[in-house]
Amino acid sequence: MRKVSLILILSFLLIGYCFAQDKGSHKGSHNQDMSGNEDAISGDIFEVSPSVGICPVMGGIKKDKYSYSYKGKAYYFCCPGCIKVFKENPEKYIAKVKKIKVEAYQFGYSPEKIVVKKGDIVSIIATSRDMAHGFFIKEYGINVTVKSGELKKIEFIADKKGEFPILCSIYCGRGHHGMRAKLIVEE
Ligand SMILES: [Cu+2]
């Protein structure tokens, strides 16, 4: 319950922030546990529920009703103001979103290293090859469990520079404690 109300409060704060229309800065936030159908983009990479996650303009929570189609693809935003800002320079905002598929397995992650720039929106499509594993990034407040074959989108703004371990938070066997990947956020 406490977690749910915290998320609600966070959502309201972000929505309020978005309406404030301060397009220069970005607040850190993250969205987790969003499974759903996917929308093929290229090759083996896919996108889970494009309408959930972080608004590429303001960093608020995306809403279904604030969508805009650009080059045949739908983008979602947290408020109408963000659509306006996006239209001025779509490529700039599209480039900020770093999409990456990460597969957990006994006992590791593939890829082992995710490198992004500070301020990027990291959009991880997490999956598991064999059994339930965790994606735990302590410094970003992320702890998501993914079952075998399941796809979950984990989105957050890389607002802290540094190297952060990605660890498994679900005991998965003898090699569990050695399971790790690394998130590198460069300036
Ligand atoms: Cu584990």
# chains A, B, ... in the order shown; residues from 1 in each chain; ligands from 1
call {"tool": "residues_near_ligand", "arguments": {"ligand": "ligand 1", "cutoff": "10 Å", "atoms": "only C-alpha atoms and all ligand atoms", "output": "list in words"}}
result
Ala104, Tyr105, Gln106, Phe107, Gly108, Met131, Ala132, His133, Gly134, Phe135, Thr145, Leu167, Cys168, Ser169, Ile170, Tyr171, Cys172, Gly173, Arg174, Gly175, His176, His177, Gly178, Met179 and Arg180 of chain A
call {"tool": "write_last_selection", "arguments": {"atoms": "N, CA and C atoms", "output": "PDB file, in the first residue's frame"}}
result
ATOM      1  N   ALA A 104      18.411 -11.580 -18.640  1.00  0.00           N
ATOM      2  CA  ALA A 104      19.018 -12.195 -17.464  1.00  0.00           C
ATOM      3  C   ALA A 104      19.022 -13.706 -17.650  1.00  0.00           C
ATOM      4  N   TYR A 105      20.015 -14.359 -17.091  1.00  0.00           N
ATOM      5  CA  TYR A 105      20.094 -15.821 -17.170  1.00  0.00           C
ATOM      6  C   TYR A 105      20.913 -16.320 -15.984  1.00  0.00           C
ATOM      7  N   GLN A 106      20.924 -17.605 -15.765  1.00  0.00           N
ATOM      8  CA  GLN A 106      21.788 -18.196 -14.732  1.00  0.00           C
ATOM      9  C   GLN A 106      23.200 -18.263 -15.301  1.00  0.00           C
ATOM     10  N   PHE A 107      24.167 -17.494 -14.890  1.00  0.00           N
ATOM     11  CA  PHE A 107      24.110 -16.485 -13.852  1.00  0.00           C
ATOM     12  C   PHE A 107      24.756 -15.214 -14.362  1.00  0.00           C
ATOM     13  N   GLY A 108      23.996 -14.447 -15.066  1.00  0.00           N
ATOM     14  CA  GLY A 108      24.533 -13.202 -15.597  1.00  0.00           C
ATOM     15  C   GLY A 108      23.490 -12.411 -16.359  1.00  0.00           C
ATOM     16  N   MET A 131      14.616 -18.419 -15.811  1.00  0.00           N
ATOM     17  CA  MET A 131      13.786 -18.428 -14.603  1.00  0.00           C
ATOM     18  C   MET A 131      13.671 -17.006 -14.066  1.00  0.00           C
ATOM     19  N   ALA A 132      13.000 -16.829 -12.937  1.00  0.00           N
ATOM     20  CA  ALA A 132      12.822 -15.474 -12.394  1.00  0.00           C
ATOM     21  C   ALA A 132      14.156 -14.900 -11.919  1.00  0.00           C
ATOM     22  N   HIS A 133      14.433 -13.693 -12.359  1.00  0.00           N
ATOM     23  CA  HIS A 133      15.631 -12.967 -11.919  1.00  0.00           C
ATOM     24  C   HIS A 133      15.225 -11.536 -11.597  1.00  0.00           C
ATOM     25  N   GLY A 134      16.097 -10.889 -10.841  1.00  0.00           N
ATOM     26  CA  GLY A 134      15.832  -9.497 -10.506  1.00  0.00           C
ATOM     27  C   GLY A 134      16.716  -8.554 -11.290  1.00  0.00           C
ATOM     28  N   PHE A 135      16.217  -7.333 -11.457  1.00  0.00           N
ATOM     29  CA  PHE A 135      16.998  -6.221 -12.011  1.00  0.00           C
ATOM     30  C   PHE A 135      16.990  -5.158 -10.922  1.00  0.00           C
ATOM     31  N   THR A 145      11.348  -7.689 -10.959  1.00  0.00           N
ATOM     32  CA  THR A 145      11.525  -9.130 -11.156  1.00  0.00           C
ATOM     33  C   THR A 145      10.971  -9.501 -12.525  1.00  0.00           C
ATOM     34  N   LEU A 167      22.112  -5.790 -10.144  1.00  0.00           N
ATOM     35  CA  LEU A 167      22.236  -7.063  -9.433  1.00  0.00           C
ATOM     36  C   LEU A 167      20.930  -7.839  -9.488  1.00  0.00           C
ATOM     37  N   CYS A 168      21.044  -9.124  -9.236  1.00  0.00           N
ATOM     38  CA  CYS A 168      19.854  -9.970  -9.183  1.00  0.00           C
ATOM     39  C   CYS A 168      19.343  -9.980  -7.743  1.00  0.00           C
ATOM     40  N   SER A 169      18.063  -9.706  -7.588  1.00  0.00           N
ATOM     41  CA  SER A 169      17.499  -9.629  -6.240  1.00  0.00           C
ATOM     42  C   SER A 169      16.622 -10.832  -5.899  1.00  0.00           C
ATOM     43  N   ILE A 170      16.613 -11.818  -6.774  1.00  0.00           N
ATOM     44  CA  ILE A 170      15.811 -13.028  -6.555  1.00  0.00           C
ATOM     45  C   ILE A 170      16.794 -14.199  -6.524  1.00  0.00           C
ATOM     46  N   TYR A 171      16.781 -14.953  -5.441  1.00  0.00           N
ATOM     47  CA  TYR A 171      17.734 -16.061  -5.379  1.00  0.00           C
ATOM     48  C   TYR A 171      17.437 -17.047  -6.513  1.00  0.00           C
ATOM     49  N   CYS A 172      18.441 -17.329  -7.321  1.00  0.00           N
ATOM     50  CA  CYS A 172      18.196 -18.146  -8.508  1.00  0.00           C
ATOM     51  C   CYS A 172      19.167 -19.321  -8.632  1.00  0.00           C
ATOM     52  N   GLY A 173      19.884 -19.598  -7.560  1.00  0.00           N
ATOM     53  CA  GLY A 173      20.792 -20.743  -7.607  1.00  0.00           C
ATOM     54  C   GLY A 173      22.178 -20.378  -7.132  1.00  0.00           C
ATOM     55  N   ARG A 174      23.073 -21.322  -7.302  1.00  0.00           N
ATOM     56  CA  ARG A 174      24.416 -21.190  -6.725  1.00  0.00           C
ATOM     57  C   ARG A 174      25.203 -19.973  -7.192  1.00  0.00           C
ATOM     58  N   GLY A 175      24.976 -19.570  -8.425  1.00  0.00           N
ATOM     59  CA  GLY A 175      25.754 -18.446  -8.954  1.00  0.00           C
ATOM     60  C   GLY A 175      25.068 -17.097  -8.754  1.00  0.00           C
ATOM     61  N   HIS A 176      23.968 -17.098  -8.045  1.00  0.00           N
ATOM     62  CA  HIS A 176      23.153 -15.882  -7.888  1.00  0.00           C
ATOM     63  C   HIS A 176      23.958 -14.668  -7.437  1.00  0.00           C
ATOM     64  N   HIS A 177      24.774 -14.864  -6.413  1.00  0.00           N
ATOM     65  CA  HIS A 177      25.488 -13.715  -5.845  1.00  0.00           C
ATOM     66  C   HIS A 177      26.525 -13.125  -6.804  1.00  0.00           C
ATOM     67  N   GLY A 178      26.861 -13.873  -7.815  1.00  0.00           N
ATOM     68  CA  GLY A 178      27.851 -13.368  -8.770  1.00  0.00           C
ATOM     69  C   GLY A 178      27.201 -12.716  -9.988  1.00  0.00           C
ATOM     70  N   MET A 179      25.875 -12.698 -10.005  1.00  0.00           N
ATOM     71  CA  MET A 179      25.165 -12.135 -11.159  1.00  0.00           C
ATOM     72  C   MET A 179      25.260 -10.632 -11.139  1.00  0.00           C
ATOM     73  N   ARG A 180      25.868 -10.063 -12.161  1.00  0.00           N
ATOM     74  CA  ARG A 180      25.878  -8.603 -12.211  1.00  0.00           C
ATOM     75  C   ARG A 180      26.112  -8.047 -13.606  1.00  0.00           C
TER      76      ARG A 180
END
call {"tool": "residues_around", "arguments": {"residues": "stretch 50-56 of chain A", "least_positions_apart": "3", "cutoff": "7 Å", "atoms": "only C-alpha atoms", "output": "list of chain:residue names"}}
result
A:Asn31, A:Glu47, A:Gly59, A:Gly60, A:Ile61, A:Lys62, A:Lys63, A:Asp64, A:Tyr76, A:Phe77, A:Cys78, A:Tyr93, A:Val97, A:Glu155, A:Phe156
call {"tool": "atom_distance", "arguments": {"atom1": "atom CA of A:Cys79", "atom2": "atom CA of A:Ser49"}}
result
18.0 Å
call {"tool": "atom_distance", "arguments": {"atom1": "atom CA of A:Lys147", "atom2": "atom CA of A:Ser110"}}
result
15.5 Å
call {"tool": "select_by_dssp", "arguments": {"residues": "stretch 18-181 of chain A", "states": "strand (DSSP E)", "output": "number ranges by chain"}}
result
A: 30-34, 38-42, 45-48, 63-70, 73-77, 97-105, 108-110, 113-117, 121-128, 133-137, 142-146, 151-157, 162-167, 180-181
call {"tool": "closest_residue", "arguments": {"among": "A:Glu103, A:Glu91, A:Glu163, A:Glu112", "to": "A:Glu150", "atoms": "only C-alpha atoms"}}
result
A:Glu103
call {"tool": "select_by_dssp", "arguments": {"residues": "stretch 45-184 of chain A", "states": "helix (DSSP H, G or I)", "output": "PyMOL selection string"}}
result
chain A and resi 80-88+90-96+138-140+176-178
call {"tool": "closest_residue", "arguments": {"among": "A:Cys82, A:Val57, A:Ile125, A:Ile184", "to": "A:Val144", "atoms": "only C-alpha atoms"}}
result
A:Ile125
call {"tool": "closest_residue", "arguments": {"among": "A:Ile121, A:Ser128, A:Lys182, A:Gly141", "to": "A:Asp159", "atoms": "only C-alpha atoms"}}
result
A:Ile121
call {"tool": "residues_around", "arguments": {"residues": "A:Phe164", "least_positions_apart": "3", "cutoff": "9 Å", "atoms": "only C-alpha atoms", "output": "ChimeraX atom specification"}}
result
/A:137-140,181-185
call {"tool": "atom_distance", "arguments": {"atom1": "atom CA of A:Glu88", "atom2": "atom CA of A:Lys160"}}
result
27.3 Å
